[in-house]
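Note: the block below is entry27.txt and it holds compact mmCIF, C-alpha atoms.
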# COMPACT_ATOMS: atom_id res chain seq x y z
CA MET A 1 0.00 0.00 0.00
CA ASP A 2 1.29 3.42 -0.93
CA PHE A 3 1.38 5.87 1.91
CA THR A 4 0.37 9.08 0.24
CA ARG A 5 0.17 12.29 2.19
CA ARG A 6 -3.62 12.05 2.17
CA ASN A 7 -3.60 8.49 3.52
CA ILE A 8 -1.29 9.35 6.35
CA LEU A 9 -3.40 12.34 7.36
CA ALA A 10 -6.53 10.21 7.33
CA LEU A 11 -4.84 7.53 9.43
CA GLY A 12 -3.59 10.12 11.86
CA SER A 13 -6.94 11.74 12.44
CA GLY A 14 -8.57 8.32 12.77
CA ALA A 15 -6.10 7.33 15.44
CA PHE A 16 -6.63 10.62 17.20
CA ALA A 17 -10.39 10.09 17.22
CA VAL A 18 -9.96 6.61 18.70
CA VAL A 19 -7.71 7.92 21.44
CA THR A 20 -10.06 10.72 22.42
CA PHE A 21 -13.12 8.50 22.37
CA THR A 22 -11.62 5.67 24.40
CA GLY A 23 -9.50 7.87 26.64
CA MET A 24 -12.22 9.82 28.39
CA PRO A 25 -14.60 6.95 29.25
CA ALA A 26 -11.63 4.96 30.57
CA PHE A 27 -10.98 7.64 33.19
CA ALA A 28 -14.66 8.01 33.96
CA SER A 29 -15.09 4.30 34.50
CA LYS A 30 -12.03 4.16 36.76
CA THR A 31 -13.72 6.79 38.91
CA ASP A 32 -16.99 4.86 38.80
CA ASP A 33 -15.15 1.68 39.76
CA ALA A 34 -13.55 3.41 42.73
CA ILE A 35 -16.93 4.79 43.80
CA ALA A 36 -18.59 1.38 43.39
CA ALA A 37 -15.83 -0.26 45.45
CA PHE A 38 -16.42 2.27 48.22
CA THR A 39 -20.24 2.21 48.22
CA GLY A 40 -20.73 -1.45 47.32
CA GLY A 41 -23.14 -0.40 44.59
CA ALA A 42 -25.47 1.56 46.91
CA ASP A 43 -27.23 4.68 45.70
CA VAL A 44 -25.35 7.94 46.11
CA THR A 45 -27.30 11.12 46.86
CA GLU A 46 -26.02 14.51 45.76
CA GLY A 47 -25.28 16.97 48.58
CA GLY A 48 -24.73 16.60 52.31
CA ILE A 49 -20.99 17.25 52.02
CA ASP A 50 -19.09 20.48 52.08
CA LEU A 51 -16.17 20.20 49.66
CA THR A 52 -13.85 23.19 49.54
CA ALA A 53 -11.37 23.40 46.69
CA PRO A 54 -9.93 26.39 44.85
CA GLU A 55 -11.55 27.36 41.55
CA ILE A 56 -8.16 27.85 39.96
CA ALA A 57 -5.02 26.08 41.13
CA GLU A 58 -1.85 27.56 39.71
CA ASN A 59 0.24 24.59 40.75
CA GLY A 60 -1.31 21.14 40.45
CA ASN A 61 1.31 19.72 42.80
CA THR A 62 -0.31 21.10 45.93
CA VAL A 63 -3.98 21.88 45.79
CA PRO A 64 -5.54 22.48 49.22
CA VAL A 65 -8.78 20.58 49.64
CA ALA A 66 -11.10 20.42 52.65
CA VAL A 67 -14.10 18.16 53.18
CA SER A 68 -16.67 18.17 55.90
CA ALA A 69 -19.72 15.95 56.22
CA PRO A 70 -21.59 15.93 59.54
CA GLY A 71 -22.45 12.38 60.56
CA ALA A 72 -20.01 10.71 58.18
CA LEU A 73 -18.11 7.56 59.08
CA SER A 74 -15.65 7.99 56.26
CA ILE A 75 -15.09 10.31 53.34
CA MET A 76 -13.35 9.30 50.12
CA LEU A 77 -11.71 11.87 47.85
CA LEU A 78 -11.35 11.28 44.12
CA ALA A 79 -9.67 13.22 41.35
CA THR A 80 -11.53 12.16 38.21
CA GLY A 81 -8.87 13.29 35.74
CA ASN A 82 -5.79 11.81 37.40
CA PRO A 83 -4.13 8.62 36.07
CA THR A 84 -5.30 6.99 39.31
CA PRO A 85 -8.47 8.67 40.56
CA SER A 86 -8.16 7.64 44.23
CA VAL A 87 -6.70 10.39 46.42
CA ALA A 88 -7.40 9.59 50.06
CA THR A 89 -9.97 8.14 52.43
CA PHE A 90 -10.62 9.71 55.82
CA ASN A 91 -11.99 7.26 58.41
CA PHE A 92 -13.27 8.95 61.55
CA GLY A 93 -12.81 7.36 64.95
CA PRO A 94 -14.84 7.80 68.15
CA LEU A 95 -12.81 10.86 69.20
CA ALA A 96 -13.08 12.76 65.94
CA GLY A 97 -14.26 16.21 67.02
CA ALA A 98 -15.93 17.01 63.73
CA ARG A 99 -16.29 14.97 60.59
CA ARG A 100 -13.94 17.06 58.58
CA GLY A 101 -10.40 16.95 57.28
CA SER A 102 -8.21 18.91 54.97
CA THR A 103 -5.11 18.04 53.03
CA ARG A 104 -3.15 18.94 49.91
CA ILE A 105 -3.49 16.91 46.75
CA ARG A 106 -1.98 16.54 43.28
CA LEU A 107 -4.06 17.20 40.19
CA SER A 108 -2.71 16.32 36.76
CA LYS A 109 -4.99 18.68 34.82
CA THR A 110 -8.22 20.67 35.00
CA GLN A 111 -10.82 18.29 36.37
CA ASP A 112 -13.55 17.53 38.89
CA VAL A 113 -12.68 16.60 42.45
CA VAL A 114 -15.32 14.32 43.95
CA ALA A 115 -16.00 13.50 47.60
CA ILE A 116 -18.12 10.52 48.63
CA ALA A 117 -19.24 10.27 52.26
CA LYS A 118 -20.43 7.14 53.99
CA MET A 119 -22.89 8.11 56.72
CA GLU A 120 -23.53 6.35 60.01
CA ASP A 121 -26.90 5.10 58.74
CA GLY A 122 -25.24 3.46 55.72
CA THR A 123 -26.29 6.01 53.12
CA PHE A 124 -23.87 7.70 50.74
CA TYR A 125 -23.58 11.30 49.72
CA ARG A 126 -21.56 12.96 47.01
CA ALA A 127 -20.21 16.40 46.23
CA SER A 128 -17.93 17.63 43.49
CA ALA A 129 -15.97 20.72 42.61
CA THR A 130 -14.24 21.73 39.40
CA VAL A 131 -10.64 22.85 39.74
CA LYS A 132 -8.80 24.57 36.91
CA VAL A 133 -5.16 23.56 36.94
CA THR A 134 -2.56 25.76 35.26
CA ILE A 135 0.46 23.46 35.72
CA GLY A 136 -0.24 19.75 36.13
CA GLY A 137 1.14 17.96 39.14
CA CYS A 138 1.76 14.37 38.10
CA GLY A 139 5.25 14.77 36.70
CA GLY A 140 4.03 14.56 33.10
CA MET B 1 13.70 4.20 55.38
CA ALA B 2 13.27 7.16 53.15
CA LYS B 3 15.70 9.97 53.85
CA GLY B 4 14.90 13.16 55.72
CA VAL B 5 11.52 12.12 57.05
CA LYS B 6 10.53 14.44 59.86
CA PRO B 7 7.06 14.61 61.38
CA ARG B 8 5.74 17.91 62.69
CA VAL B 9 2.57 18.19 64.70
CA LYS B 10 0.75 21.18 66.12
CA VAL B 11 -1.48 20.43 69.12
CA PRO B 12 -2.61 22.97 71.73
CA LYS B 13 -0.90 22.46 75.12
CA THR B 14 -4.12 22.69 77.08
CA ALA B 15 -7.82 22.23 76.45
CA ALA B 16 -11.04 22.16 78.44
CA ALA B 17 -12.48 18.69 79.08
CA GLY B 18 -14.71 17.74 76.18
CA GLU B 19 -13.38 20.53 73.99
CA VAL B 20 -12.90 20.05 70.27
CA ILE B 21 -9.43 21.09 69.16
CA THR B 22 -7.87 21.41 65.73
CA ILE B 23 -4.70 19.47 65.02
CA LYS B 24 -2.33 20.11 62.15
CA THR B 25 0.22 17.54 61.04
CA LEU B 26 2.88 17.59 58.39
CA ILE B 27 5.55 15.05 57.58
CA SER B 28 8.39 15.73 55.20
CA HIS B 29 8.35 12.96 52.61
CA LYS B 30 8.86 13.13 48.86
CA MET B 31 5.78 10.96 48.10
CA GLU B 32 7.14 9.56 44.82
CA SER B 33 3.98 8.84 42.85
CA GLY B 34 5.24 5.99 40.65
CA VAL B 35 4.15 7.92 37.54
CA ARG B 36 7.15 10.18 37.08
CA LYS B 37 10.07 9.24 34.84
CA ASP B 38 13.75 9.97 35.29
CA GLY B 39 16.06 11.45 32.66
CA ASP B 40 16.43 8.10 30.85
CA GLY B 41 12.70 7.50 30.59
CA ASN B 42 12.58 4.88 33.33
CA VAL B 43 9.66 5.03 35.71
CA ILE B 44 10.73 6.03 39.24
CA PRO B 45 9.19 3.43 41.55
CA ARG B 46 6.40 4.46 43.85
CA SER B 47 7.41 5.35 47.40
CA ILE B 48 4.73 7.03 49.47
CA ILE B 49 3.25 7.09 52.93
CA ASN B 50 0.11 5.00 52.55
CA ARG B 51 -1.57 5.41 55.95
CA PHE B 52 -1.80 8.00 58.69
CA VAL B 53 -3.39 7.32 62.08
CA ALA B 54 -4.04 9.64 65.01
CA ASP B 55 -5.02 8.18 68.40
CA PHE B 56 -5.76 9.73 71.77
CA ASN B 57 -5.16 7.54 74.85
CA GLY B 58 -5.58 4.46 72.65
CA GLN B 59 -8.83 5.63 71.07
CA ASN B 60 -8.89 6.40 67.38
CA VAL B 61 -9.38 9.95 66.17
CA ILE B 62 -8.76 9.65 62.45
CA ASP B 63 -7.36 7.02 60.12
CA VAL B 64 -6.46 8.22 56.63
CA THR B 65 -5.61 6.07 53.63
CA LEU B 66 -3.24 7.91 51.30
CA GLN B 67 -2.86 7.39 47.56
CA PRO B 68 -0.13 8.74 45.27
CA ALA B 69 -2.28 11.81 44.56
CA ILE B 70 -1.43 13.24 47.99
CA SER B 71 1.15 16.02 47.67
CA THR B 72 4.76 15.95 48.73
CA ASN B 73 5.06 16.50 52.50
CA PRO B 74 1.59 15.21 53.35
CA TYR B 75 -0.36 17.70 55.43
CA PHE B 76 -3.52 17.02 57.38
CA GLN B 77 -5.76 19.19 59.46
CA PHE B 78 -8.58 17.65 61.49
CA ASP B 79 -10.57 18.03 64.70
CA ALA B 80 -10.30 15.94 67.83
CA MET B 81 -12.37 15.76 70.99
CA VAL B 82 -10.39 15.83 74.23
CA PRO B 83 -12.34 14.08 77.00
CA GLU B 84 -9.45 14.01 79.50
CA ALA B 85 -5.76 14.78 79.88
CA GLY B 86 -3.58 12.44 77.92
CA GLU B 87 -1.42 11.90 74.91
CA PHE B 88 -2.01 12.09 71.19
CA LYS B 89 -0.11 9.51 69.18
CA PHE B 90 0.48 10.03 65.48
CA THR B 91 1.68 7.25 63.21
CA TRP B 92 2.64 7.30 59.54
CA TYR B 93 3.15 4.07 57.56
CA ASP B 94 5.61 4.13 54.66
CA ASP B 95 5.43 1.91 51.55
CA ASP B 96 8.85 0.49 52.44
CA GLY B 97 7.59 -0.75 55.82
CA SER B 98 8.99 2.10 57.92
CA VAL B 99 6.76 3.52 60.60
CA TYR B 100 7.20 7.10 61.78
CA GLU B 101 5.79 8.05 65.15
CA THR B 102 5.44 11.12 67.25
CA SER B 103 3.31 12.03 70.25
CA LYS B 104 2.05 15.14 72.03
CA LYS B 105 0.71 15.48 75.56
CA ILE B 106 -2.25 17.66 76.35
CA LYS B 107 -3.39 18.96 79.75
CA ILE B 108 -6.83 19.90 80.93
CA ALA B 109 -7.02 23.56 81.84
In C-alpha cells, how does this file's structure come out?
Amino acid sequence: MDFTRRNILALGSGAFAVVTFTGMPAFASKTDDAIAAFTGGADVTEGGIDLTAPEIAENGNTVPVAVSAPGALSIMLLATGNPTPSVATFNFGPLAGARRGSTRIRLSKTQDVVAIAKMEDGTFYRASATVKVTIGGCGG
Amino acid sequence: MAKGVKPRVKVPKTAAAGEVITIKTLISHKMESGVRKDGDGNVIPRSIINRFVADFNGQNVIDVTLQPAISTNPYFQFDAMVPEAGEFKFTWYDDDGSVYETSKKIKIA
C-alpha cells in the first residue's frame, strides 16, 4: 500500500479520534469503579458534604482541599482526571471532634474533584468541585 | 527508610475537658507517585506514605488512607475531641515498611 500524504493524514486523524473516544470513558469508568468499590453499589445522593477546593489552582502539585460531612463515618476523595483517581480516604474514629479533614493533593490537569461520604446510617452522599489547573502535578 | 523524614505536629498544650481542638500535622516525605520518569525515561518506583493514624489515649481519632495523589510533604488538618488529659499519638506508615511516630501530651485547663 502506498502511503500518500492524504492516507497518512486520514490515518492520523482516525487514530486521534480513537484515542479521544476511548481515553475519556476509561478515566470516567475508573472513577466509577472506585466509587462502586467504596459504596458497594449503593445509591449515592447529591449533597450533604461540604467540599472546599480552589476554583483555579496555579500549581497542580499542591492543591488544598477540605471536606466536611456531619455524621459521616468515612469520606473518600477522588480526582476524576488523574491517572489513578483515588486520592485519600478519611476514616473517623470515636474521638473525631468534627467529621472534617483537609489536606493537599496533586491534580494532573483541570478536572472535577469528587468527595463521597459514607454516613452512620449506611447512606452515601456525594459532592464535586471543578478545579482549573494551570500546571499539572503528576510529573508529566 | 526514606531519607529526611521528619514529622511535625501542632497540638494545643491545654484544652477544656470535652473541647474540640484542631490538630495540624505535616511530615516531610517526597511521596514519589510511581508515575514520574527519570532522565532516561525509566519510571521512578512508587514510594509514598500510605496510611496515617491519630489516636488519643488508645482511642482512634482519624485514620487516613493515602494514595499517590497526595502532595509531597503530606499535610492534614482535622478536629479531635479531648475528654481528658492524655497523649495524642500520630503514626505514619511508609510503603517500604517504615513507621514514623510522634506524640504530644495535652493537659486539661
Residues of chain B within 10 Å of chain A, counting all atoms listed in the file - could you list those as a ChimeraX atom specification? /B:18-26,32-38,50-56,59-83
Between CA of Ser103 in chain B and CA of Ser47 in chain B, measure the distance and give it in Å to one decimal.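 Separation between CA of Ser103 in chain B and CA of Ser47 in chain B: 24.2 Å.
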Nearest-residue call for Asp94 in chain B, choices B:Ala16, B:Ile48, B:Val11, B:Ile106, using all atoms listed in the file: B:Ile48
Within 7 Å of (-16.3, 18.0, 49.9) in the file's own coordinates, which protein, DNA or RNA residues have an atom, counting all atoms listed in the file? List them as a list in words.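 Residues found, by chain and rising number: Ile49, Asp50, Leu51, Thr52, Ala66, Val67, Ser68, Ala115, Ala127 and Ser128 of chain A.
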Could you work out how far CA of Ile56 in chain A lies from CA of Ile27 in chain B, giving the answer in Å with one decimal? 25.7 Å
Find the residue from A:Lys109, A:Leu73, A:Ala53, A:Ile116 that sits nearest to Ala37 in chain A; use all atoms listed in the file when measuring.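 Residue with the minimum atom-to-atom distance to Ala37 in chain A: A:Ile116.
Separating CA of Gly41 in chain B from CA of Thr80 in chain A is a distance of 25.8 Å.
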Between B:Thr14, B:Lys104, B:Pro45, B:Lys3, which is the closest to Thr91 in chain B once you count only C-alpha atoms? B:Lys104
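Residue nearest Ala36 in chain A within the list A:Gly48, A:Ala69, A:Asp112, A:Phe124: A:Phe124 [criterion: smallest interatomic distance, only C-alpha atoms].
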Nearest to Lys30 in chain A by atom-to-atom distance, counting all atoms listed in the file, from A:Thr45, A:Pro70, A:Gly81, A:Glu120: A:Gly81
Which of A:Gly47, A:Thr39, A:Gly136, A:Ala57 sits closest to Thr123 in chain A [using all atoms listed in the file]: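 Counting all atoms listed in the file, the residue closest to Thr123 in chain A is A:Thr39.
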